[in-house]
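See below for protein.cif, which holds mmCIF, C-alpha atoms.
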```cif
data_upload
#
loop_
_atom_site.label_atom_id
_atom_site.label_comp_id
_atom_site.auth_asym_id
_atom_site.auth_seq_id
_atom_site.Cartn_x
_atom_site.Cartn_y
_atom_site.Cartn_z
CA MET A 1 -16.73 -15.32 1.58
CA GLU A 2 -12.99 -15.84 1.40
CA PHE A 3 -10.17 -13.35 1.79
CA LYS A 4 -6.47 -14.00 1.92
CA THR A 5 -3.22 -12.19 1.29
CA VAL A 6 -0.77 -14.14 -0.82
CA GLN A 7 2.98 -13.54 -0.72
CA THR A 8 4.67 -13.23 -4.06
CA THR A 9 7.42 -11.40 -5.92
CA CYS A 10 6.80 -8.46 -8.21
CA THR A 11 7.20 -9.45 -11.85
CA TYR A 12 7.81 -5.97 -13.15
CA CYS A 13 11.58 -5.74 -12.92
CA GLY A 14 14.65 -7.50 -11.67
CA CYS A 15 14.62 -5.94 -8.17
CA GLY A 16 12.45 -8.70 -6.80
CA CYS A 17 10.30 -6.74 -4.37
CA GLY A 18 8.10 -8.73 -2.02
CA LEU A 19 4.37 -8.25 -2.53
CA LEU A 20 1.17 -9.28 -0.88
CA LEU A 21 -1.79 -9.75 -3.17
CA GLY A 22 -5.17 -9.37 -1.55
CA VAL A 23 -7.42 -12.09 -2.96
CA MET A 24 -11.15 -11.91 -2.32
CA ASP A 25 -13.29 -14.79 -3.56
CA GLU A 26 -10.66 -15.88 -6.12
CA GLU A 27 -10.24 -12.34 -7.46
CA ILE A 28 -7.09 -10.27 -6.90
CA VAL A 29 -8.33 -7.00 -5.43
CA ALA A 30 -5.34 -5.29 -3.84
CA THR A 31 -1.56 -5.07 -3.62
CA LEU A 32 0.43 -4.31 -0.48
CA PRO A 33 4.19 -4.17 -0.07
CA LEU A 34 5.58 -6.95 2.10
CA LYS A 35 6.86 -4.99 5.06
CA THR A 36 9.34 -7.61 6.26
CA HIS A 37 10.86 -8.33 2.83
CA PRO A 38 14.65 -7.82 2.77
CA ILE A 39 14.62 -6.16 -0.67
CA ASN A 40 11.89 -3.54 -0.52
CA GLU A 41 11.27 -3.36 3.24
CA GLY A 42 7.64 -2.33 2.88
CA THR A 43 7.96 0.02 -0.06
CA LEU A 44 7.04 -0.33 -3.75
CA CYS A 45 7.16 1.74 -6.92
CA ILE A 46 4.01 2.68 -8.80
CA LYS A 47 4.27 -0.40 -11.00
CA GLY A 48 4.48 -2.73 -8.04
CA TRP A 49 1.53 -1.01 -6.39
CA SER A 50 -0.52 -1.70 -9.54
CA VAL A 51 0.17 -5.42 -9.88
CA HIS A 52 -3.41 -6.37 -8.99
CA GLU A 53 -4.60 -4.26 -11.93
CA PHE A 54 -2.29 -5.37 -14.70
CA VAL A 55 -2.30 -9.05 -13.73
CA GLN A 56 -5.97 -9.14 -14.67
CA SER A 57 -5.81 -6.77 -17.62
CA GLU A 58 -7.82 -7.84 -20.65
CA LYS A 59 -4.96 -6.62 -22.81
CA ARG A 60 -2.58 -9.25 -21.47
CA LEU A 61 -1.32 -11.85 -23.91
CA LEU A 62 -2.25 -15.26 -22.63
CA ARG A 63 -1.31 -17.34 -25.69
CA PRO A 64 1.37 -16.99 -28.39
CA MET A 65 0.32 -14.90 -31.37
CA VAL A 66 1.68 -15.41 -34.88
CA ARG A 67 1.30 -12.83 -37.62
CA LYS A 68 -0.44 -14.35 -40.61
CA ASN A 69 -1.34 -12.22 -43.62
CA GLY A 70 -0.69 -9.06 -41.62
CA ASP A 71 -2.89 -9.98 -38.63
CA PHE A 72 -1.98 -11.55 -35.33
CA GLN A 73 -3.60 -14.91 -34.81
CA GLU A 74 -3.58 -17.20 -31.83
CA ALA A 75 -1.22 -20.14 -32.16
CA ASP A 76 -0.16 -23.02 -29.95
CA TRP A 77 3.32 -23.09 -28.45
CA GLU A 78 4.48 -25.91 -30.72
CA ASP A 79 3.70 -23.95 -33.91
CA ALA A 80 4.95 -20.61 -32.58
CA LEU A 81 8.28 -21.97 -31.35
CA GLY A 82 8.65 -24.05 -34.52
CA LEU A 83 8.24 -20.91 -36.62
CA VAL A 84 10.76 -18.95 -34.49
CA ALA A 85 13.32 -21.77 -34.70
CA SER A 86 13.05 -22.26 -38.44
CA ARG A 87 13.10 -18.51 -39.27
CA LEU A 88 16.08 -17.82 -36.94
CA GLY A 89 17.92 -20.74 -38.58
CA GLU A 90 17.15 -19.47 -42.08
CA ILE A 91 18.24 -15.90 -41.29
CA ARG A 92 21.46 -17.06 -39.64
CA ASP A 93 22.32 -19.35 -42.55
CA GLN A 94 21.56 -16.70 -45.13
CA PHE A 95 23.00 -13.55 -43.47
CA GLY A 96 25.32 -14.85 -40.75
CA PRO A 97 24.94 -15.02 -36.94
CA ASP A 98 25.62 -11.29 -36.40
CA SER A 99 22.53 -10.43 -38.40
CA ILE A 100 20.55 -11.46 -35.33
CA ALA A 101 20.32 -9.71 -31.95
CA GLY A 102 18.54 -10.83 -28.81
CA LEU A 103 16.86 -8.52 -26.29
CA SER A 104 16.13 -10.07 -22.94
CA SER A 105 14.09 -8.65 -20.11
CA ALA A 106 14.53 -7.44 -16.57
CA LYS A 107 11.22 -9.15 -15.84
CA CYS A 108 12.85 -12.54 -16.33
CA THR A 109 14.71 -14.39 -13.63
CA ASN A 110 18.48 -14.40 -13.39
CA GLU A 111 18.51 -17.98 -14.63
CA GLU A 112 16.31 -17.22 -17.62
CA ASN A 113 18.59 -14.33 -18.58
CA TYR A 114 21.64 -16.57 -18.24
CA LEU A 115 20.03 -19.15 -20.50
CA PHE A 116 19.10 -16.47 -22.99
CA GLN A 117 22.63 -15.13 -23.40
CA LYS A 118 23.90 -18.72 -23.55
CA PHE A 119 21.41 -19.42 -26.32
CA MET A 120 22.45 -16.31 -28.27
CA ARG A 121 26.18 -16.98 -27.93
CA ALA A 122 26.40 -20.77 -28.06
CA VAL A 123 23.46 -21.64 -30.31
CA MET A 124 23.08 -18.58 -32.55
CA GLY A 125 26.77 -17.71 -32.47
CA THR A 126 26.55 -13.97 -31.79
CA ASN A 127 27.42 -11.62 -28.96
CA ASN A 128 24.51 -9.36 -29.91
CA VAL A 129 22.62 -9.71 -26.67
CA ASP A 130 21.18 -6.99 -24.44
CA HIS A 131 18.25 -6.35 -22.15
CA CYS A 132 15.39 -3.92 -21.73
CA ALA A 133 16.78 -2.23 -18.63
CA ARG A 134 19.53 -0.62 -20.73
CA LEU A 135 17.25 0.83 -23.37
CA MET B 1 -1.80 -15.84 30.69
CA ASP B 2 0.52 -14.02 28.30
CA ASN B 3 -0.70 -11.64 25.61
CA LEU B 4 -0.58 -14.17 22.81
CA GLU B 5 -2.60 -16.78 24.72
CA LYS B 6 -5.08 -14.14 25.81
CA ALA B 7 -5.51 -12.87 22.24
CA LYS B 8 -6.00 -16.39 20.96
CA ALA B 9 -8.64 -17.04 23.62
CA VAL B 10 -10.56 -13.83 22.82
CA ILE B 11 -10.48 -14.35 19.05
CA SER B 12 -11.19 -18.06 19.34
CA ASP B 13 -14.29 -17.26 21.39
CA LEU B 14 -15.57 -14.80 18.76
CA LEU B 15 -15.02 -17.35 15.98
CA ALA B 16 -16.35 -20.38 17.85
CA LYS B 17 -19.57 -18.65 18.82
CA ASP B 18 -20.04 -17.35 15.26
CA LYS B 19 -20.08 -13.78 16.49
CA VAL B 20 -17.92 -12.78 13.52
CA ALA B 21 -17.70 -13.96 9.91
CA GLY B 22 -13.95 -13.56 10.11
CA PHE B 23 -11.31 -11.94 12.30
CA LEU B 24 -8.68 -9.68 10.79
CA ALA B 25 -5.22 -9.69 12.36
CA LEU B 26 -1.68 -10.71 11.39
CA ARG B 27 -0.52 -14.28 11.02
CA THR B 28 3.03 -15.52 10.44
CA MET B 29 3.14 -17.29 7.08
CA SER B 30 6.43 -18.55 5.60
CA GLY B 31 8.29 -16.48 8.15
CA HIS B 32 6.49 -13.20 7.40
CA PRO B 33 3.70 -11.65 9.48
CA ILE B 34 0.97 -10.78 6.97
CA PRO B 35 -2.67 -9.62 7.18
CA TYR B 36 -4.88 -12.66 7.64
CA LEU B 37 -8.61 -13.19 7.90
CA PHE B 38 -9.04 -15.87 10.54
CA THR B 39 -12.19 -17.92 10.10
CA ARG B 40 -11.38 -20.98 12.24
CA PRO B 41 -9.90 -21.15 15.76
CA ASP B 42 -7.29 -23.71 14.67
CA GLU B 43 -5.66 -21.11 12.39
CA LEU B 44 -4.72 -19.05 15.44
CA ASP B 45 -1.48 -20.96 16.02
CA GLY B 46 0.33 -18.46 13.81
CA LEU B 47 -1.27 -15.32 15.29
CA TYR B 48 1.28 -12.49 15.35
CA LEU B 49 1.26 -9.64 17.87
CA GLY B 50 4.68 -8.15 17.10
CA GLU B 51 5.75 -4.77 15.86
CA VAL B 52 4.95 -5.07 12.14
CA ARG B 53 1.93 -2.95 11.18
CA TYR B 54 -0.31 -3.19 8.14
CA PRO B 55 -3.37 -1.07 7.22
CA LEU B 56 -5.85 -3.64 8.55
CA THR B 57 -8.75 -1.22 8.61
CA LYS B 58 -8.24 -0.59 4.91
CA ILE B 59 -8.70 -4.31 4.28
CA LEU B 60 -11.70 -4.27 6.60
CA THR B 61 -13.26 -1.51 4.49
CA MET B 62 -12.73 -3.63 1.40
CA LEU B 63 -14.40 -6.62 3.05
CA ALA B 64 -17.30 -4.53 4.33
CA ARG B 65 -17.94 -3.08 0.88
CA LYS B 66 -18.46 -6.54 -0.53
CA TYR B 67 -20.10 -8.09 2.54
CA PRO B 68 -21.95 -5.23 4.26
CA ASP B 69 -24.15 -7.53 6.33
CA ASN B 70 -21.34 -9.55 7.87
CA ILE B 71 -19.70 -8.71 11.16
CA PHE B 72 -15.91 -8.77 11.01
CA GLY B 73 -13.57 -8.73 13.97
CA ILE B 74 -10.34 -6.76 14.02
CA LEU B 75 -7.32 -6.68 16.28
CA ALA B 76 -6.83 -2.95 16.58
CA ARG B 77 -3.97 -0.90 17.92
CA ALA B 78 -4.56 2.74 18.87
CA CYS B 79 -3.80 3.92 15.32
CA ASP B 80 -6.18 1.31 13.89
CA GLU B 81 -8.87 2.53 16.28
CA ARG B 82 -8.33 6.15 15.20
CA SER B 83 -8.72 5.11 11.57
CA LEU B 84 -11.87 3.14 12.47
CA ILE B 85 -13.33 6.29 14.01
CA GLU B 86 -12.68 8.24 10.81
CA LEU B 87 -14.11 5.42 8.68
CA TYR B 88 -17.26 5.25 10.87
CA LYS B 89 -17.60 9.02 10.72
CA ASN B 90 -17.28 9.02 6.94
CA GLN B 91 -19.81 6.21 6.47
CA GLN B 92 -17.22 3.76 5.16
CA LEU B 93 -17.79 1.25 7.94
CA ASN B 94 -20.72 0.50 10.19
CA PRO B 95 -19.60 0.30 13.83
CA GLU B 96 -22.32 -2.28 14.47
CA ARG B 97 -20.64 -4.57 11.97
CA VAL B 98 -17.18 -4.39 13.55
CA ALA B 99 -16.09 -6.48 16.52
CA PHE B 100 -13.22 -4.55 18.02
CA VAL B 101 -10.47 -6.17 20.07
CA GLY B 102 -8.10 -3.50 21.37
CA MET B 103 -4.38 -4.05 21.73
CA ALA B 104 -1.99 -1.74 23.54
CA CYS B 105 1.43 -1.30 21.93
CA SER B 106 4.69 -2.15 23.62
CA GLY B 107 6.95 0.65 24.82
CA GLU B 108 9.45 -0.21 22.07
CA LEU B 109 6.88 0.07 19.30
CA ALA B 110 5.45 3.28 20.76
CA GLU B 111 8.95 4.74 20.74
CA LYS B 112 9.64 3.55 17.19
CA CYS B 113 6.36 5.06 15.95
CA GLU B 114 6.79 8.25 18.00
CA CYS B 115 3.20 7.61 19.03
CA PHE B 116 1.33 10.15 21.12
CA ARG B 117 -1.07 7.61 22.65
CA PRO B 118 -0.03 4.01 22.07
CA TYR B 119 -3.15 2.34 23.44
CA PRO B 120 -6.77 2.11 22.26
CA SER B 121 -9.80 3.28 24.25
CA ARG B 122 -10.45 -0.28 25.38
CA ILE B 123 -7.49 -2.53 26.07
CA ASP B 124 -8.18 -6.24 25.69
CA ILE B 125 -4.60 -7.28 25.03
CA GLY B 126 -1.35 -5.84 26.35
CA GLU B 127 -0.39 -3.27 28.96
CA LYS B 128 -0.94 0.45 28.74
CA VAL B 129 2.27 2.44 28.15
CA GLU B 130 2.20 6.25 28.26
CA ARG B 131 4.35 8.28 25.90
CA GLU B 132 4.80 11.96 25.15
CA GLY B 133 3.84 12.32 21.52
CA ASN B 134 5.93 15.27 20.47
CA LEU B 135 7.55 14.89 17.10
CA PRO B 136 10.68 17.03 17.47
CA GLU B 137 10.94 17.42 13.69
CA VAL B 138 7.92 19.76 13.59
CA SER B 139 9.44 22.30 15.97
CA GLU B 140 12.85 21.93 14.32
CA ILE B 141 11.37 22.93 10.97
CA GLU B 142 9.30 25.68 12.54
CA ALA B 143 12.51 27.19 13.90
CA LEU B 144 13.83 27.68 10.35
CA THR B 145 13.28 30.86 8.36
CA GLU B 146 10.60 30.80 5.66
CA GLU B 147 13.26 30.58 2.95
CA GLU B 148 14.97 27.64 4.71
CA ARG B 149 11.67 25.87 5.26
CA TYR B 150 10.81 26.27 1.60
CA ARG B 151 14.18 24.88 0.55
CA HIS B 152 13.86 22.01 3.02
CA TRP B 153 10.47 20.89 1.75
CA MET B 154 11.23 21.39 -1.93
CA GLY B 155 14.35 19.27 -1.39
CA GLN B 156 12.28 16.57 0.29
CA PHE B 157 9.52 16.60 -2.35
CA ALA B 158 12.10 16.45 -5.15
CA LYS B 159 12.99 12.92 -3.96
CA CYS B 160 9.45 11.68 -4.69
CA ILE B 161 9.17 8.91 -7.29
CA LYS B 162 5.35 9.22 -7.49
CA CYS B 163 4.72 5.67 -6.38
CA TYR B 164 1.44 6.79 -4.74
CA GLY B 165 2.42 4.52 -1.83
CA CYS B 166 1.54 7.19 0.76
CA ARG B 167 -1.99 7.29 -0.60
CA ASN B 168 -2.30 3.57 -1.24
CA ILE B 169 -1.30 2.49 2.25
CA CYS B 170 -3.29 5.21 4.02
CA PRO B 171 -6.11 3.65 6.07
CA VAL B 172 -8.21 6.82 5.83
CA CYS B 173 -7.73 7.37 2.07
CA PHE B 174 -10.97 5.76 1.01
CA CYS B 175 -12.22 7.97 -1.85
CA THR B 176 -13.14 5.98 -4.95
CA THR B 177 -12.10 8.96 -7.09
CA CYS B 178 -8.80 10.46 -6.01
CA THR B 179 -7.76 13.97 -7.06
CA LEU B 180 -4.25 12.65 -7.63
CA GLU B 181 -5.49 10.44 -10.46
CA ASP B 182 -8.74 12.10 -11.46
CA HIS B 183 -8.87 11.82 -15.25
CA ASN B 184 -10.04 15.41 -15.56
CA LEU B 185 -6.86 16.58 -13.87
CA VAL B 186 -4.35 13.85 -14.62
CA HIS B 187 -4.38 12.52 -18.15
CA LEU B 188 -4.18 8.81 -18.67
CA GLY B 189 -0.70 7.99 -19.90
CA GLY B 190 0.56 11.40 -18.74
CA MET B 191 2.65 12.38 -15.77
CA PRO B 192 1.21 12.53 -12.24
CA PRO B 193 0.87 16.01 -10.67
CA GLN B 194 4.28 17.62 -10.23
CA MET B 195 5.93 18.43 -6.95
CA PRO B 196 5.04 20.20 -4.77
CA ILE B 197 1.42 20.10 -6.03
CA PHE B 198 1.14 16.33 -5.50
CA HIS B 199 2.34 16.58 -1.90
CA LEU B 200 0.40 19.70 -1.02
CA VAL B 201 -2.85 18.32 -2.47
CA ARG B 202 -2.41 15.25 -0.33
CA ALA B 203 -1.51 17.32 2.73
CA MET B 204 -4.65 19.44 2.26
CA HIS B 205 -6.84 16.37 1.90
CA MET B 206 -5.28 14.87 5.00
CA ALA B 207 -5.91 17.99 7.07
CA ASP B 208 -9.15 16.82 8.66
CA ARG B 209 -8.51 13.12 8.33
CA CYS B 210 -4.89 12.15 9.10
CA ILE B 211 -4.80 10.01 12.22
CA ASP B 212 -1.00 10.12 12.46
CA CYS B 213 -0.39 6.39 12.13
CA GLY B 214 2.81 6.95 10.16
CA LEU B 215 2.19 4.15 7.65
CA CYS B 216 2.74 6.63 4.77
CA GLU B 217 6.20 7.46 5.97
CA GLU B 218 7.03 3.77 6.41
CA ALA B 219 5.85 3.09 2.84
CA CYS B 220 7.81 5.96 1.27
CA PRO B 221 10.73 4.62 -0.78
CA ALA B 222 12.26 8.11 -0.81
CA ASP B 223 12.12 8.65 2.97
CA ILE B 224 10.17 11.89 2.70
CA PRO B 225 9.18 12.96 6.24
CA LEU B 226 5.48 12.95 5.36
CA ARG B 227 4.39 12.54 8.92
CA THR B 228 6.07 15.80 9.91
CA LEU B 229 4.09 17.56 7.18
CA TYR B 230 0.77 15.96 8.12
CA ARG B 231 1.39 16.54 11.83
CA LYS B 232 1.82 20.23 11.12
CA VAL B 233 -1.42 20.24 9.11
CA ARG B 234 -3.18 18.41 11.95
CA GLU B 235 -1.84 20.98 14.38
CA THR B 236 -3.11 23.84 12.21
CA VAL B 237 -6.59 22.31 12.00
CA LYS B 238 -6.59 21.80 15.75
CA ASP B 239 -5.55 25.40 16.41
CA LEU B 240 -8.07 26.88 13.99
CA PHE B 241 -11.07 24.65 14.57
CA GLY B 242 -10.34 22.71 17.74
CA TYR B 243 -10.75 19.56 15.69
CA VAL B 244 -8.59 16.43 15.94
CA PRO B 245 -9.32 13.57 13.52
CA GLY B 246 -9.67 10.08 14.94
CA GLU B 247 -10.67 11.13 18.46
CA SER B 248 -14.41 10.68 18.50
CA VAL B 249 -17.17 9.65 16.08
CA GLU B 250 -19.27 12.56 17.41
CA ASP B 251 -16.72 15.27 16.51
CA LEU B 252 -17.68 16.66 13.13
CA PRO B 253 -14.91 17.71 10.74
CA PRO B 254 -14.65 21.46 10.00
CA LEU B 255 -15.86 21.07 6.41
CA GLU B 256 -19.20 19.87 7.79
CA THR B 257 -19.58 22.61 10.36
CA LEU B 258 -18.30 25.68 8.52
CA GLY B 259 -21.37 26.03 6.37
CA ASP B 260 -21.54 28.27 3.33
CA GLY B 261 -19.35 31.29 2.89
CA ALA B 262 -15.64 31.78 3.11
CA PHE B 263 -13.73 31.18 6.29
CA GLU B 264 -11.18 33.86 6.92
CA ILE B 265 -8.11 33.27 8.97
CA ARG B 266 -7.78 36.27 11.25
CA GLY B 267 -4.33 37.67 11.87
CA SER B 268 -1.36 39.24 10.21
CA ARG B 269 -1.53 37.23 6.99
CA GLY B 270 -4.84 38.98 6.11
#
```
Go through the file and emit its structure as C-alpha cells.
Amino acid sequence: MEFKTVQTTCTYCGCGCGLLLGVMDEEIVATLPLKTHPINEGTLCIKGWSVHEFVQSEKRLLRPMVRKNGDFQEADWEDALGLVASRLGEIRDQFGPDSIAGLSSAKCTNEENYLFQKFMRAVMGTNNVDHCARL
Amino acid sequence: MDNLEKAKAVISDLLAKDKVAGFLALRTMSGHPIPYLFTRPDELDGLYLGEVRYPLTKILTMLARKYPDNIFGILARACDERSLIELYKNQQLNPERVAFVGMACSGELAEKCECFRPYPSRIDIGEKVEREGNLPEVSEIEALTEEERYRHWMGQFAKCIKCYGCRNICPVCFCTTCTLEDHNLVHLGGMPPQMPIFHLVRAMHMADRCIDCGLCEEACPADIPLRTLYRKVRETVKDLFGYVPGESVEDLPPLETLGDGAFEIRGSRG
C-alpha cells in the first residue's frame, strides 16, 4: 500500500497551473489543484481537473506513427524524423519556403516554442508560423 | 511543547506502534504543503500545521475504498471532522477504521474561513478559539428584492467556466455517478448542464450534506460565492427539518426520515 501526491505542472496549455497528482500503488488516481501555486492559487479548469484521466488514456499516442499505404503504422523516432526532414526539404526545394507553414502548441514550453519559430524562420526560411491558441 | 512537536509525538506514536497503516496530514515538499500519507515517524520532519487546507477526508475515502481493512489516521480540523461524520453516516468510511487526531484552528484561520466552530469535538492539537459563524453575505442577499436576488445570482452563475472544481474538491461529494455528468443527462462530448441548472442541481444535492468547509469557494476560478448559496440551503434545511449535516452520526438526513409521500411546505407559497 503506497499513496503519494506528486507536484507537477499541467500540460494542457501554456498557463502552467500547479497540480498535485494522487498516485496510489503506481497508478494515478486523482488530480488536485496546488493551493499554494502562484499561477492558479488552488483553482483549475476542467481540463486540468481531468489530467489523471487523460494521462492514462488508451487513445494516447506513445510512439510516432507514419502513414504507409493509407494506414498509420508505428515507427521509430529515427525513421519518422528522417521522413519529416526529407519531405520538408523536398517540398521547400520544389515549391519554395512559403509553401510550408508551422503550427506550434500552447502545450509546449516557452523554449520549445522559441525553437520552433527559429526552425521555421532560420531553417525553413518562412514566417508562416502560428500556434494552436490562436485557432 | 508547541503544537508541531505535540502533533509529531502523537502521530509518531500511532505509526511506531503500528496502530495505523498510514497517517494522512500535510507535509511541506519543495516549499509547498501538500497532502501526505505518513508511514514512518522519520518523515514527520516536514509535517505542516499551517493555514492551507486540502480535502484530506476525500483522499481518506479513496484509500479506504482500496484498503477497507486498514486503519488510517487523519489530522482533522473541525471541517474535516464534519465531513467524516457525513462520510460515516453515508457508509463511505468505517469509523472503526479511522484514527482521528483533532486539531483546533488558529484565530486567523477561523476568521479567514468565516468558520462557525473552528475546533473539532476532541482537541488533540492547538487551542480552542470561539468565533461567531455568521456569514454576513447571506443576510445581505436576503435583504434584496426577489428581482435583485435573481439578477445577483444569475450574474454570479454566468461567470462559471464549468470546471467542476466545486464538485471535485468537495469532501462530501462521494457519489460514483454524478448527476452533473450522468450520461443519460449530459451527453459525452456535449456541453455540461447550463446555468443556473448546474448550480441549482448542486445546491439541491448539497442541501442535506454540505458541511460548510468552504473548499468549493476556494477552488472556484470565477469567485462565485458558492458558500453563501449552500449556507442558505443549509439554513433552509435546518428551519424545515431541524437537521444540520456534519453534526452527529446519529442524526438522520431528512430524505431518510420523510418516508413515502410528498412533503408540503406550509405557508404562503402554497
Picked residues, the PyMOL selection byres ((chain A) within 12 of (chain B)), expected as a ChimeraX atom specification: /A:1-8,17-25,29-50
Take the residues from that selection and write them out as a compact mmCIF listing (two decimals), in the coordinates of the input, keeping C-alpha atoms.
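After the write, part18.txt holds the following:
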```txt
# COMPACT_ATOMS: atom_id res chain seq x y z
CA MET A 1 -16.73 -15.32 1.58
CA GLU A 2 -12.99 -15.84 1.40
CA PHE A 3 -10.17 -13.35 1.79
CA LYS A 4 -6.47 -14.00 1.92
CA THR A 5 -3.22 -12.19 1.29
CA VAL A 6 -0.77 -14.14 -0.82
CA GLN A 7 2.98 -13.54 -0.72
CA THR A 8 4.67 -13.23 -4.06
CA CYS A 17 10.30 -6.74 -4.37
CA GLY A 18 8.10 -8.73 -2.02
CA LEU A 19 4.37 -8.25 -2.53
CA LEU A 20 1.17 -9.28 -0.88
CA LEU A 21 -1.79 -9.75 -3.17
CA GLY A 22 -5.17 -9.37 -1.55
CA VAL A 23 -7.42 -12.09 -2.96
CA MET A 24 -11.15 -11.91 -2.32
CA ASP A 25 -13.29 -14.79 -3.56
CA VAL A 29 -8.33 -7.00 -5.43
CA ALA A 30 -5.34 -5.29 -3.84
CA THR A 31 -1.56 -5.07 -3.62
CA LEU A 32 0.43 -4.31 -0.48
CA PRO A 33 4.19 -4.17 -0.07
CA LEU A 34 5.58 -6.95 2.10
CA LYS A 35 6.86 -4.99 5.06
CA THR A 36 9.34 -7.61 6.26
CA HIS A 37 10.86 -8.33 2.83
CA PRO A 38 14.65 -7.82 2.77
CA ILE A 39 14.62 -6.16 -0.67
CA ASN A 40 11.89 -3.54 -0.52
CA GLU A 41 11.27 -3.36 3.24
CA GLY A 42 7.64 -2.33 2.88
CA THR A 43 7.96 0.02 -0.06
CA LEU A 44 7.04 -0.33 -3.75
CA CYS A 45 7.16 1.74 -6.92
CA ILE A 46 4.01 2.68 -8.80
CA LYS A 47 4.27 -0.40 -11.00
CA GLY A 48 4.48 -2.73 -8.04
CA TRP A 49 1.53 -1.01 -6.39
CA SER A 50 -0.52 -1.70 -9.54
```
Selection result of the PyMOL selection byres ((chain A and resi 53-66) around 7) on this file, as an MDAnalysis selection string: chainID A and resid 50:52 67:68 72:77 80
Spatial sel., origin (-13.2, 12.9, 13.3), limit 8 Å, all atoms listed in the file, listed as a VMD selection string: chain B and resid 85 to 86 89 208 to 209 243 to 253
On this structure, the PyMOL selection byres ((chain B and resi 153-158) around 7) would catch which residues? List them as an mmCIF file with C-alpha atoms, in the frame of the given file, sorted by chain and number.
```cif
data_model
loop_
_atom_site.group_PDB
_atom_site.id
_atom_site.type_symbol
_atom_site.label_atom_id
_atom_site.label_comp_id
_atom_site.auth_asym_id
_atom_site.auth_seq_id
_atom_site.Cartn_x
_atom_site.Cartn_y
_atom_site.Cartn_z
ATOM 1 C CA ARG B 149 11.670 25.870 5.260
ATOM 2 C CA TYR B 150 10.810 26.270 1.600
ATOM 3 C CA ARG B 151 14.180 24.880 0.550
ATOM 4 C CA HIS B 152 13.860 22.010 3.020
ATOM 5 C CA LYS B 159 12.990 12.920 -3.960
ATOM 6 C CA CYS B 160 9.450 11.680 -4.690
ATOM 7 C CA MET B 195 5.930 18.430 -6.950
ATOM 8 C CA PRO B 196 5.040 20.200 -4.770
ATOM 9 C CA ILE B 224 10.170 11.890 2.700
#
```
Residue contacts of Leu75 in chain B (7 Å, all atoms listed in the file) excluding same-chain residues fewer than 3 positions away, as a VMD selection string: chain B and resid 24 to 25 100 to 103
Interatomic distance, CA of Thr109 in chain A to CA of Cys15 in chain A (Å, one decimal): 10.1 Å
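Note that the spacing between CA of Cys115 in chain B and CA of Leu135 in chain B amounts to 8.7 Å.
A straight line drawn from CA of Leu60 in chain B to CA of Val201 in chain B is 25.9 Å long.
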Nearest residue to Cys175 in chain B from the set B:Leu44, B:Ala143, B:Met204, B:Leu87 (distances using only C-alpha atoms):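 Of all the options, B:Leu87 lies closest to Cys175 in chain B.
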Do you know which residues are at most 8 Å from Asp98 in chain A counting only C-alpha atoms, after dropping those on the same chain fewer than 3 positions away, and could you put them as a CSV table (one decimal) with C-alpha atoms, keeping the file's coordinate frame?
```csv
chain,number,residue,atom,x,y,z
A,92,ARG,CA,21.5,-17.1,-39.6
A,95,PHE,CA,23.0,-13.6,-43.5
A,101,ALA,CA,20.3,-9.7,-32.0
A,125,GLY,CA,26.8,-17.7,-32.5
A,126,THR,CA,26.6,-14.0,-31.8
A,127,ASN,CA,27.4,-11.6,-29.0
A,128,ASN,CA,24.5,-9.4,-29.9
```
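Counting only C-alpha atoms, the residue from A:Leu88, A:Leu115, A:Met120, A:Ala106 that sits nearest to Cys132 in chain A is A:Ala106.
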Applying 10 Å and all atoms listed in the file, which residues near Val138 in chain B remain after dropping the ones on its own chain fewer than 4 positions away? List them as a compact mmCIF listing (two decimals) with C-alpha atoms, keeping the file's coordinate frame.
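Once everything was written out, this is selection03.txt:
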```txt
# COMPACT_ATOMS: atom_id res chain seq x y z
CA ASN B 134 5.93 15.27 20.47
CA GLU B 142 9.30 25.68 12.54
CA ALA B 143 12.51 27.19 13.90
CA ARG B 227 4.39 12.54 8.92
CA THR B 228 6.07 15.80 9.91
CA LEU B 229 4.09 17.56 7.18
CA TYR B 230 0.77 15.96 8.12
CA ARG B 231 1.39 16.54 11.83
CA LYS B 232 1.82 20.23 11.12
CA GLU B 235 -1.84 20.98 14.38
```
Can you sort out the box for range 133-144 of chain B, edges along x, y and z, all listed atoms in, 5 Å on every side, with centre and edge lengths in Å to one decimal, as lines of an AutoDock Vina configuration file?
```
center_x = 8.8
center_y = 20.0
center_z = 15.9
size_x = 20.0
size_y = 25.4
size_z = 21.2
```
Residues within 9 Å of Lys58 in chain B, all atoms listed in the file, excluding chain neighbours under 5 positions, as a PyMOL selection string: chain B and resi 63+83+169-174
Just the selected residues (C-alpha atoms), exported as an mmCIF file, keeping the file's coordinate frame, please.
```
data_model
loop_
_atom_site.group_PDB
_atom_site.id
_atom_site.type_symbol
_atom_site.label_atom_id
_atom_site.label_comp_id
_atom_site.auth_asym_id
_atom_site.auth_seq_id
_atom_site.Cartn_x
_atom_site.Cartn_y
_atom_site.Cartn_z
ATOM 1 C CA LEU B 63 -14.400 -6.620 3.050
ATOM 2 C CA SER B 83 -8.720 5.110 11.570
ATOM 3 C CA ILE B 169 -1.300 2.490 2.250
ATOM 4 C CA CYS B 170 -3.290 5.210 4.020
ATOM 5 C CA PRO B 171 -6.110 3.650 6.070
ATOM 6 C CA VAL B 172 -8.210 6.820 5.830
ATOM 7 C CA CYS B 173 -7.730 7.370 2.070
ATOM 8 C CA PHE B 174 -10.970 5.760 1.010
#
```
Shell around Phe116 in chain A at 10 Å using all atoms listed in the file, local window under 6 positions removed, as a list in words: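 Using all atoms listed in the file, the neighbours found are Gly102, Leu103, Ser104, Ser105, Cys108, Asn110, Ala122, Val123, Val129 and Asp130 of chain A.
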Selected residue, from A:Ile100, A:Cys13, A:Ile91, A:Ala85, that lies nearest to Arg121 in chain A when counting only C-alpha atoms: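 Distance minimum relative to Arg121 in chain A lands on A:Ile100.
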